[in-house]
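S.K.: One file is attached below, upload_39.cif, containing mmCIF, C-alpha atoms.
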data_work
#
loop_
_atom_site.group_PDB
_atom_site.id
_atom_site.type_symbol
_atom_site.label_atom_id
_atom_site.label_comp_id
_atom_site.auth_asym_id
_atom_site.auth_seq_id
_atom_site.Cartn_x
_atom_site.Cartn_y
_atom_site.Cartn_z
ATOM 1 C CA MET A 165 39.938 -26.795 -15.814
ATOM 2 C CA SER A 166 43.097 -28.388 -17.197
ATOM 3 C CA HIS A 167 46.497 -26.803 -16.752
ATOM 4 C CA PHE A 168 46.952 -26.534 -20.502
ATOM 5 C CA LEU A 169 43.627 -24.752 -20.953
ATOM 6 C CA LEU A 170 44.592 -22.275 -18.223
ATOM 7 C CA LEU A 171 47.916 -21.717 -19.964
ATOM 8 C CA VAL A 172 46.151 -21.024 -23.263
ATOM 9 C CA LEU A 173 43.641 -18.689 -21.602
ATOM 10 C CA TYR A 174 46.408 -16.789 -19.827
ATOM 11 C CA ALA A 175 48.442 -16.495 -23.029
ATOM 12 C CA PHE A 176 45.378 -15.279 -24.935
ATOM 13 C CA LEU A 177 44.487 -12.567 -22.407
ATOM 14 C CA VAL A 178 48.047 -11.275 -22.098
ATOM 15 C CA SER A 179 48.659 -11.344 -25.862
ATOM 16 C CA VAL A 180 45.472 -9.465 -26.712
ATOM 17 C CA PHE A 181 46.198 -6.932 -23.974
ATOM 18 C CA PHE A 182 49.689 -6.090 -25.196
ATOM 19 C CA ALA A 183 48.681 -6.141 -28.857
ATOM 20 C CA LEU A 184 46.052 -3.487 -28.091
ATOM 21 C CA LEU A 185 48.342 -1.520 -25.790
ATOM 22 C CA TRP A 186 51.531 -1.445 -27.822
ATOM 23 C CA ARG A 187 50.331 -1.399 -31.447
ATOM 24 C CA SER A 188 47.848 0.877 -33.191
ATOM 25 C CA GLU A 189 47.582 -0.644 -36.675
ATOM 26 C CA ARG A 190 45.633 -3.836 -37.256
ATOM 27 C CA PRO A 191 48.374 -5.802 -39.097
ATOM 28 C CA ASP A 192 50.904 -4.901 -36.420
ATOM 29 C CA ARG A 193 48.469 -5.945 -33.699
ATOM 30 C CA VAL A 194 47.807 -9.303 -35.333
ATOM 31 C CA ARG A 195 51.532 -9.926 -35.784
ATOM 32 C CA LEU A 196 52.354 -9.074 -32.144
ATOM 33 C CA PHE A 197 49.420 -11.132 -30.873
ATOM 34 C CA LEU A 198 50.577 -14.200 -32.785
ATOM 35 C CA GLN A 199 54.187 -13.760 -31.694
ATOM 36 C CA MET A 200 53.259 -13.418 -28.024
ATOM 37 C CA PHE A 201 50.556 -16.092 -27.990
ATOM 38 C CA LEU A 202 52.654 -18.716 -29.734
ATOM 39 C CA GLY A 203 55.716 -17.740 -27.712
ATOM 40 C CA LEU A 204 53.878 -18.187 -24.418
ATOM 41 C CA VAL A 205 52.134 -21.447 -25.339
ATOM 42 C CA VAL A 206 55.063 -23.092 -27.123
ATOM 43 C CA GLY A 207 57.531 -21.729 -24.573
ATOM 44 C CA GLY A 208 55.417 -23.056 -21.704
ATOM 45 C CA LEU A 209 55.226 -26.487 -23.289
ATOM 46 C CA ALA A 210 58.983 -26.460 -23.948
ATOM 47 C CA VAL A 211 59.770 -25.582 -20.329
ATOM 48 C CA ALA A 212 57.336 -28.253 -19.127
ATOM 49 C CA TRP A 213 59.013 -30.803 -21.391
ATOM 50 C CA LEU A 214 62.464 -29.839 -20.107
ATOM 51 C CA MET A 215 61.269 -30.173 -16.500
ATOM 52 C CA PHE A 216 59.660 -33.568 -17.073
ATOM 53 C CA PRO A 217 62.702 -35.701 -16.041
ATOM 54 C CA PHE A 218 63.048 -33.939 -12.712
ATOM 55 C CA PRO A 219 61.178 -35.379 -9.731
ATOM 56 C CA SER A 220 58.371 -33.283 -8.328
ATOM 57 C CA GLY A 221 59.466 -33.732 -4.716
ATOM 58 C CA PRO A 222 57.271 -33.538 -1.635
ATOM 59 C CA PRO A 223 54.273 -31.206 -1.666
ATOM 60 C CA ALA A 224 54.857 -27.665 -0.467
ATOM 61 C CA PRO A 225 53.834 -27.097 3.139
ATOM 62 C CA PHE A 226 50.676 -25.090 3.571
ATOM 63 C CA SER A 227 51.015 -22.118 5.875
ATOM 64 C CA MET B 90 51.860 -3.847 -84.431
ATOM 65 C CA GLY B 91 52.194 -6.393 -81.636
ATOM 66 C CA ALA B 92 54.905 -8.874 -80.758
ATOM 67 C CA ALA B 93 56.446 -8.731 -84.197
ATOM 68 C CA ASP B 94 57.728 -5.173 -83.833
ATOM 69 C CA GLY B 95 58.646 -5.448 -80.139
ATOM 70 C CA SER B 96 55.704 -3.574 -78.710
ATOM 71 C CA PRO B 97 53.373 -5.431 -76.341
ATOM 72 C CA PRO B 98 50.172 -6.734 -77.831
ATOM 73 C CA ALA B 99 47.105 -4.707 -77.099
ATOM 74 C CA SER B 100 45.191 -7.492 -75.348
ATOM 75 C CA ALA B 101 47.898 -9.867 -74.161
ATOM 76 C CA PRO B 102 46.786 -11.658 -70.943
ATOM 77 C CA ALA B 103 50.255 -12.999 -70.175
ATOM 78 C CA GLY B 104 52.071 -12.005 -66.976
ATOM 79 C CA PRO B 105 50.749 -11.138 -63.529
ATOM 80 C CA GLN B 106 47.636 -9.075 -63.385
ATOM 81 C CA ALA B 107 48.154 -5.556 -62.110
ATOM 82 C CA PRO B 108 46.119 -4.777 -58.976
ATOM 83 C CA ALA B 109 42.968 -2.842 -59.578
ATOM 84 C CA PRO B 110 43.352 0.827 -58.703
ATOM 85 C CA PRO B 111 41.671 1.737 -55.406
ATOM 86 C CA SER B 112 38.332 3.395 -55.582
ATOM 87 C CA ARG B 113 38.049 7.096 -54.915
ATOM 88 C CA GLU B 114 36.254 6.475 -51.583
ATOM 89 C CA ALA B 115 38.917 4.018 -50.398
ATOM 90 C CA SER B 116 41.673 6.431 -51.341
ATOM 91 C CA ALA B 117 39.948 9.220 -49.448
ATOM 92 C CA ALA B 118 39.570 7.031 -46.349
ATOM 93 C CA GLU B 119 43.201 5.949 -46.474
ATOM 94 C CA GLY B 120 44.264 9.538 -46.938
ATOM 95 C CA ALA B 121 42.229 10.662 -43.948
ATOM 96 C CA ALA B 122 43.700 7.871 -41.801
ATOM 97 C CA ALA B 123 47.221 8.753 -42.930
ATOM 98 C CA ALA B 124 46.596 12.420 -42.188
ATOM 99 C CA GLU B 125 45.342 11.505 -38.706
ATOM 100 C CA ARG B 126 48.458 9.435 -38.068
ATOM 101 C CA ALA B 127 50.707 12.243 -39.311
ATOM 102 C CA ALA B 128 48.927 14.910 -37.254
ATOM 103 C CA PRO B 129 50.879 16.084 -34.195
ATOM 104 C CA LEU B 130 49.826 14.609 -30.875
ATOM 105 C CA GLU B 131 47.860 16.941 -28.651
ATOM 106 C CA PRO B 132 47.102 16.724 -24.931
ATOM 107 C CA ARG B 133 43.641 15.463 -24.041
ATOM 108 C CA GLY B 134 41.746 15.975 -20.833
ATOM 109 C CA ASN B 135 43.250 16.074 -17.371
ATOM 110 C CA PRO B 136 46.081 13.524 -17.012
ATOM 111 C CA TYR B 137 45.588 13.185 -13.254
ATOM 112 C CA LEU B 138 41.888 12.483 -13.658
ATOM 113 C CA ALA B 139 42.560 10.077 -16.529
ATOM 114 C CA ALA B 140 45.088 8.142 -14.447
ATOM 115 C CA LEU B 141 42.788 8.076 -11.413
ATOM 116 C CA LEU B 142 39.824 6.851 -13.442
ATOM 117 C CA ALA B 143 42.015 4.235 -15.143
ATOM 118 C CA TRP B 144 43.128 2.926 -11.756
ATOM 119 C CA VAL B 145 39.698 2.876 -10.125
ATOM 120 C CA VAL B 146 37.958 1.092 -13.009
ATOM 121 C CA PRO B 147 40.108 -0.612 -15.667
ATOM 122 C CA GLY B 148 39.567 1.066 -19.043
ATOM 123 C CA LEU B 149 37.635 4.040 -17.668
ATOM 124 C CA GLY B 150 40.605 6.355 -18.204
ATOM 125 C CA HIS B 151 40.645 5.518 -21.897
ATOM 126 C CA VAL B 152 36.892 6.026 -22.118
ATOM 127 C CA TYR B 153 37.337 9.448 -20.495
ATOM 128 C CA LEU B 154 39.952 10.286 -23.147
ATOM 129 C CA GLY B 155 37.589 9.310 -25.957
ATOM 130 C CA ARG B 156 39.167 5.903 -26.653
ATOM 131 C CA TRP B 157 35.918 4.042 -26.208
ATOM 132 C CA LEU B 158 36.715 0.798 -27.970
ATOM 133 C CA ARG B 159 40.116 0.412 -26.365
ATOM 134 C CA GLY B 160 38.682 1.254 -22.954
ATOM 135 C CA VAL B 161 35.935 -1.339 -23.202
ATOM 136 C CA ALA B 162 38.364 -3.956 -24.524
ATOM 137 C CA PHE B 163 40.820 -3.299 -21.686
ATOM 138 C CA CYS B 164 38.023 -3.463 -19.124
ATOM 139 C CA VAL B 165 36.858 -6.832 -20.456
ATOM 140 C CA LEU B 166 40.406 -8.243 -20.504
ATOM 141 C CA VAL B 167 41.323 -7.147 -16.969
ATOM 142 C CA ALA B 168 37.936 -8.165 -15.562
ATOM 143 C CA THR B 169 38.184 -11.591 -17.213
ATOM 144 C CA ALA B 170 41.615 -12.182 -15.702
ATOM 145 C CA ALA B 171 40.353 -11.115 -12.265
ATOM 146 C CA VAL B 172 37.205 -13.257 -12.467
ATOM 147 C CA VAL B 173 39.200 -16.318 -13.526
ATOM 148 C CA GLY B 174 41.626 -15.687 -10.670
ATOM 149 C CA VAL B 175 38.826 -15.449 -8.113
ATOM 150 C CA SER B 176 37.040 -18.503 -9.523
ATOM 151 C CA LEU B 177 40.269 -20.473 -9.014
ATOM 152 C CA ASP B 178 40.528 -19.231 -5.391
ATOM 153 C CA GLY B 179 43.802 -17.457 -6.097
ATOM 154 C CA LYS B 180 45.650 -15.305 -3.625
ATOM 155 C CA LEU B 181 44.916 -11.591 -3.384
ATOM 156 C CA TRP B 182 48.198 -10.265 -2.091
ATOM 157 C CA ARG B 183 48.534 -8.176 1.073
ATOM 158 C CA PRO B 184 51.642 -7.181 3.066
ATOM 159 C CA VAL B 185 52.848 -9.944 5.366
ATOM 160 C CA ALA B 186 55.523 -9.284 7.984
ATOM 161 C CA GLY B 187 58.671 -11.276 7.293
ATOM 162 C CA LYS B 188 57.810 -11.891 3.627
ATOM 163 C CA PRO B 189 59.556 -9.178 1.579
ATOM 164 C CA LEU B 190 58.071 -10.300 -1.727
ATOM 165 C CA SER B 191 54.598 -9.607 -0.389
ATOM 166 C CA TYR B 192 55.524 -5.914 -0.261
ATOM 167 C CA LEU B 193 56.306 -6.053 -3.975
ATOM 168 C CA ALA B 194 53.264 -8.094 -4.960
ATOM 169 C CA THR B 195 50.728 -6.078 -2.959
ATOM 170 C CA PRO B 196 51.027 -2.850 -5.024
ATOM 171 C CA GLY B 197 50.720 -4.988 -8.138
ATOM 172 C CA ALA B 198 47.529 -6.602 -6.884
ATOM 173 C CA MET B 199 46.245 -3.197 -5.759
ATOM 174 C CA GLY B 200 46.520 -2.164 -9.397
ATOM 175 C CA LEU B 201 43.031 -3.652 -9.696
ATOM 176 C CA GLY B 202 41.803 -0.430 -8.133
ATOM 177 C CA ALA B 203 38.317 -0.544 -6.729
ATOM 178 C CA GLY B 204 38.123 -4.250 -7.480
ATOM 179 C CA TYR B 205 40.913 -4.993 -4.988
ATOM 180 C CA PHE B 206 39.165 -3.234 -2.134
ATOM 181 C CA VAL B 207 35.727 -4.567 -3.033
ATOM 182 C CA LEU B 208 37.101 -8.098 -3.028
ATOM 183 C CA ARG B 209 39.228 -7.766 0.092
ATOM 184 C CA THR B 210 37.135 -5.581 2.376
ATOM 185 C CA GLY B 211 33.687 -5.690 0.807
ATOM 186 C CA MET B 212 33.467 -9.414 0.109
ATOM 187 C CA GLY B 213 36.109 -10.642 2.544
ATOM 188 C CA TYR B 214 37.874 -12.536 -0.216
ATOM 189 C CA ARG B 215 41.128 -14.216 0.844
ATOM 190 C CA GLY B 216 41.636 -17.075 -1.587
ATOM 191 C CA ASP B 217 42.020 -20.708 -0.591
ATOM 192 C CA VAL B 218 45.546 -22.030 -0.327
ATOM 193 C CA THR B 219 44.289 -25.626 -0.437
ATOM 194 C CA ALA B 220 42.373 -25.117 -3.698
ATOM 195 C CA ALA B 221 43.670 -26.965 -6.756
ATOM 196 C CA GLY B 222 43.871 -23.771 -8.800
ATOM 197 C CA TYR B 223 45.395 -21.598 -6.089
ATOM 198 C CA GLU B 224 48.717 -20.914 -7.850
ATOM 199 C CA TYR B 225 47.055 -20.340 -11.215
ATOM 200 C CA GLY B 226 44.455 -18.067 -9.679
ATOM 201 C CA SER B 227 47.161 -16.064 -7.924
ATOM 202 C CA ALA B 228 48.942 -15.569 -11.253
ATOM 203 C CA PHE B 229 45.710 -14.402 -12.922
ATOM 204 C CA LEU B 230 44.882 -11.969 -10.101
ATOM 205 C CA LEU B 231 48.374 -10.489 -9.968
ATOM 206 C CA THR B 232 48.482 -10.211 -13.754
ATOM 207 C CA ALA B 233 45.133 -8.403 -13.775
ATOM 208 C CA GLY B 234 46.478 -5.861 -11.298
ATOM 209 C CA LEU B 235 49.726 -5.359 -13.206
ATOM 210 C CA MET B 236 47.873 -4.961 -16.498
ATOM 211 C CA ASN B 237 45.813 -2.186 -14.942
ATOM 212 C CA VAL B 238 48.978 -0.478 -13.683
ATOM 213 C CA LEU B 239 50.131 -0.369 -17.316
ATOM 214 C CA LEU B 240 46.733 1.032 -18.305
ATOM 215 C CA VAL B 241 47.150 3.846 -15.786
ATOM 216 C CA LEU B 242 50.509 4.747 -17.335
ATOM 217 C CA ASP B 243 49.045 4.494 -20.837
ATOM 218 C CA ALA B 244 46.122 6.770 -19.969
ATOM 219 C CA TRP B 245 48.618 9.258 -18.534
ATOM 220 C CA ASP B 246 50.679 9.179 -21.755
ATOM 221 C CA VAL B 247 47.625 9.575 -23.991
ATOM 222 C CA SER B 248 46.375 12.480 -21.914
ATOM 223 C CA ARG B 249 49.766 14.203 -22.013
ATOM 224 C CA GLY B 250 49.919 13.849 -25.796
ATOM 225 C CA ARG B 251 52.798 11.403 -25.813
ATOM 226 C CA LYS B 252 50.798 8.619 -27.377
ATOM 227 C CA ARG B 253 47.862 8.309 -29.738
#
Take the structure in this file and express it as structure tokens.
M.R.:
Amino acid sequence: MSHFLLLVLYAFLVSVFFALLWRSERPDRVRLFLQMFLGLVVGGLAVAWLMFPFPSGPPAPFS
Amino acid sequence: MGAADGSPPASAPAGPQAPAPPSREASAAEGAAAAERAAPLEPRGNPYLAALLAWVVPGLGHVYLGRWLRGVAFCVLVATAAVVGVSLDGKLWRPVAGKPLSYLATPGAMGLGAGYFVLRTGMGYRGDVTAAGYEYGSAFLLTAGLMNVLLVLDAWDVSRGRKR
């Protein structure tokens, strides 16, 4: 599974969870879901883009 | 009569159309929903039992409190996160001497309730640090546990009458 697909799946699960937990009216739930989902996906892509110039370095040692 | 004397014409279609008035049934339903929202919150069930059930099985505390749909939805969400985490061979945290963060992460992972102990002791699940999805799986598993911790607190609040 691609990293981006995992990011989208994670953002979807977390956004639905908090929309159901924190809001009780349908319009409010939809609004919070969209805010969180887009924030996580777009924010993740933005952070990935900002990190792109930096070298990845050696792999982490397994312990 | 009409535009000549300043009064609006009887059948003038100009201007935005006014919304149709709601039907009597729709008004009654909206009124009932508004009355339910305005009603004072009342305690429901036993808060200790609700919190315990919510911890053991995600969503069961809400089902016990009569919030069937929310309980089932929460159960599906937490279970999906846990299953994805296990399928990616993520880490199921346990205390490790010399690693202070493990003592913070372990209670979060234990938020999965019965699932944590079934995975760790019943199925011997450990995760695979060499797996490609190890870090992602660890994030999914820890998130599933933390989400259920929030569900325990939510079930407690609903049972105490602090939340609808």
S.K.: Do you have, as CSV, the list of residues of chain B lying at most 10 Å from chain A, each with its nearest atom pair and that distance in Å to one decimal, counting all atoms listed in the file and ordered by chain then number?
M.R.:
residue,atom,partner,partner_atom,distance
B:Arg126,CA,A:Ser188,CA,9.9
B:Arg159,CA,A:Leu184,CA,7.3
B:Ala162,CA,A:Phe181,CA,8.4
B:Phe163,CA,A:Phe181,CA,6.9
B:Val165,CA,A:Leu177,CA,9.7
B:Leu166,CA,A:Leu177,CA,6.2
B:Val167,CA,A:Leu177,CA,8.3
B:Thr169,CA,A:Leu177,CA,8.2
B:Ala170,CA,A:Leu177,CA,7.3
B:Val173,CA,A:Leu170,CA,9.3
B:Leu177,CA,A:Met165,CA,9.3
B:Val218,CA,A:Phe226,CA,7.1
B:Thr219,CA,A:Phe226,CA,7.6
B:Ala221,CA,A:Met165,CA,9.8
B:Gly222,CA,A:Met165,CA,8.6
B:Tyr225,CA,A:Leu170,CA,7.7
B:Gly226,CA,A:Leu170,CA,9.5
B:Ala228,CA,A:Tyr174,CA,9.0
B:Phe229,CA,A:Tyr174,CA,7.3
B:Thr232,CA,A:Val178,CA,8.4
B:Ala233,CA,A:Val178,CA,9.3
B:Met236,CA,A:Phe181,CA,7.9
B:Leu239,CA,A:Leu185,CA,8.7
B:Leu240,CA,A:Leu185,CA,8.1
B:Asp243,CA,A:Leu185,CA,7.8
B:Arg253,CA,A:Ser188,CA,8.2
S.K.: Could you check how far CA of Trp157 (chain B) sits from CA of Arg195 (chain A), in Å to one decimal?
M.R.: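 Going from CA of Trp157 (chain B) over to CA of Arg195 (chain A), I get 23.0 Å.
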S.K.: Quick one: which residues end up in the PyMOL selection byres ((chain A and resi 208) around 12) for this structure, as a ChimeraX atom specification?
M.R.: /A:167-172,174-175,200-207,209-215
S.K.: Quick one, how far is CA of Trp245 (chain B) from CA of Tyr205 (chain B)?
M.R.: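 One can read the CA of Trp245 (chain B) to CA of Tyr205 (chain B) distance as 21.1 Å.
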S.K.: Can you work out the spacing between CA of Leu158 (chain B) and CA of Asp246 (chain B) in Å, to one decimal?
M.R.: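 If I compute the distance from CA of Leu158 (chain B) to CA of Asp246 (chain B), I get 17.4 Å.
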S.K.: Can you list what the PyMOL selection byres ((chain B and resi 195) around 10) grabs from this structure, as a PyMOL selection string?
M.R.: chain B and resi 181-185+190-194+196-200+231+234
S.K.: From the coordinates supplied, chain A should be written with C-alpha atoms, as an mmCIF file, in the first residue's frame.
M.R.:
data_model
loop_
_atom_site.group_PDB
_atom_site.id
_atom_site.type_symbol
_atom_site.label_atom_id
_atom_site.label_comp_id
_atom_site.auth_asym_id
_atom_site.auth_seq_id
_atom_site.Cartn_x
_atom_site.Cartn_y
_atom_site.Cartn_z
ATOM 1 C CA MET A 165 0.000 0.000 0.000
ATOM 2 C CA SER A 166 1.439 3.390 -0.934
ATOM 3 C CA HIS A 167 2.423 5.935 1.679
ATOM 4 C CA PHE A 168 -0.061 8.436 0.295
ATOM 5 C CA LEU A 169 -2.929 5.949 0.473
ATOM 6 C CA LEU A 170 -2.037 5.191 4.099
ATOM 7 C CA LEU A 171 -1.987 8.916 4.821
ATOM 8 C CA VAL A 172 -5.440 9.331 3.277
ATOM 9 C CA LEU A 173 -6.810 6.318 5.162
ATOM 10 C CA TYR A 174 -5.398 7.586 8.450
ATOM 11 C CA ALA A 175 -6.789 11.077 7.854
ATOM 12 C CA PHE A 176 -10.200 9.631 6.971
ATOM 13 C CA LEU A 177 -10.443 7.459 10.094
ATOM 14 C CA VAL A 178 -9.311 10.214 12.455
ATOM 15 C CA SER A 179 -11.539 12.852 10.837
ATOM 16 C CA VAL A 180 -14.668 10.706 10.953
ATOM 17 C CA PHE A 181 -13.913 9.746 14.552
ATOM 18 C CA PHE A 182 -13.596 13.314 15.804
ATOM 19 C CA ALA A 183 -16.518 14.559 13.724
ATOM 20 C CA LEU A 184 -18.732 11.954 15.414
ATOM 21 C CA LEU A 185 -17.224 12.532 18.848
ATOM 22 C CA TRP A 186 -17.160 16.310 18.993
ATOM 23 C CA ARG A 187 -20.203 17.378 16.949
ATOM 24 C CA SER A 188 -23.836 16.318 17.201
ATOM 25 C CA GLU A 189 -25.457 18.078 14.234
ATOM 26 C CA ARG A 190 -24.943 16.808 10.706
ATOM 27 C CA PRO A 191 -23.797 20.114 9.117
ATOM 28 C CA ASP A 192 -21.317 20.677 11.929
ATOM 29 C CA ARG A 193 -20.012 17.131 11.553
ATOM 30 C CA VAL A 194 -19.519 17.518 7.813
ATOM 31 C CA ARG A 195 -17.736 20.843 8.295
ATOM 32 C CA LEU A 196 -15.369 19.455 10.964
ATOM 33 C CA PHE A 197 -14.703 16.320 8.915
ATOM 34 C CA LEU A 198 -13.716 18.365 5.872
ATOM 35 C CA GLN A 199 -11.545 20.718 7.913
ATOM 36 C CA MET A 200 -9.684 17.871 9.609
ATOM 37 C CA PHE A 201 -9.398 15.631 6.551
ATOM 38 C CA LEU A 202 -8.112 18.353 4.256
ATOM 39 C CA GLY A 203 -5.870 19.726 6.996
ATOM 40 C CA LEU A 204 -4.238 16.345 7.573
ATOM 41 C CA VAL A 205 -3.822 15.437 3.896
ATOM 42 C CA VAL A 206 -2.731 18.864 2.658
ATOM 43 C CA GLY A 207 -0.628 19.448 5.770
ATOM 44 C CA GLY A 208 1.087 16.082 5.336
ATOM 45 C CA LEU A 209 1.875 16.831 1.710
ATOM 46 C CA ALA A 210 3.162 20.298 2.641
ATOM 47 C CA VAL A 211 5.483 18.893 5.310
ATOM 48 C CA ALA A 212 6.684 16.211 2.887
ATOM 49 C CA TRP A 213 7.379 18.881 0.274
ATOM 50 C CA LEU A 214 9.309 20.993 2.784
ATOM 51 C CA MET A 215 11.388 17.964 3.808
ATOM 52 C CA PHE A 216 12.181 16.971 0.227
ATOM 53 C CA PRO A 217 15.511 18.894 -0.060
ATOM 54 C CA PHE A 218 16.927 17.288 3.057
ATOM 55 C CA PRO A 219 18.897 14.060 2.661
ATOM 56 C CA SER A 220 17.349 10.948 4.132
ATOM 57 C CA GLY A 221 20.563 9.802 5.806
ATOM 58 C CA PRO A 222 21.520 6.247 6.695
ATOM 59 C CA PRO A 223 18.777 3.791 7.628
ATOM 60 C CA ALA A 224 17.848 3.585 11.289
ATOM 61 C CA PRO A 225 19.494 0.697 13.111
ATOM 62 C CA PHE A 226 17.175 -2.154 13.942
ATOM 63 C CA SER A 227 17.205 -3.186 17.573
#
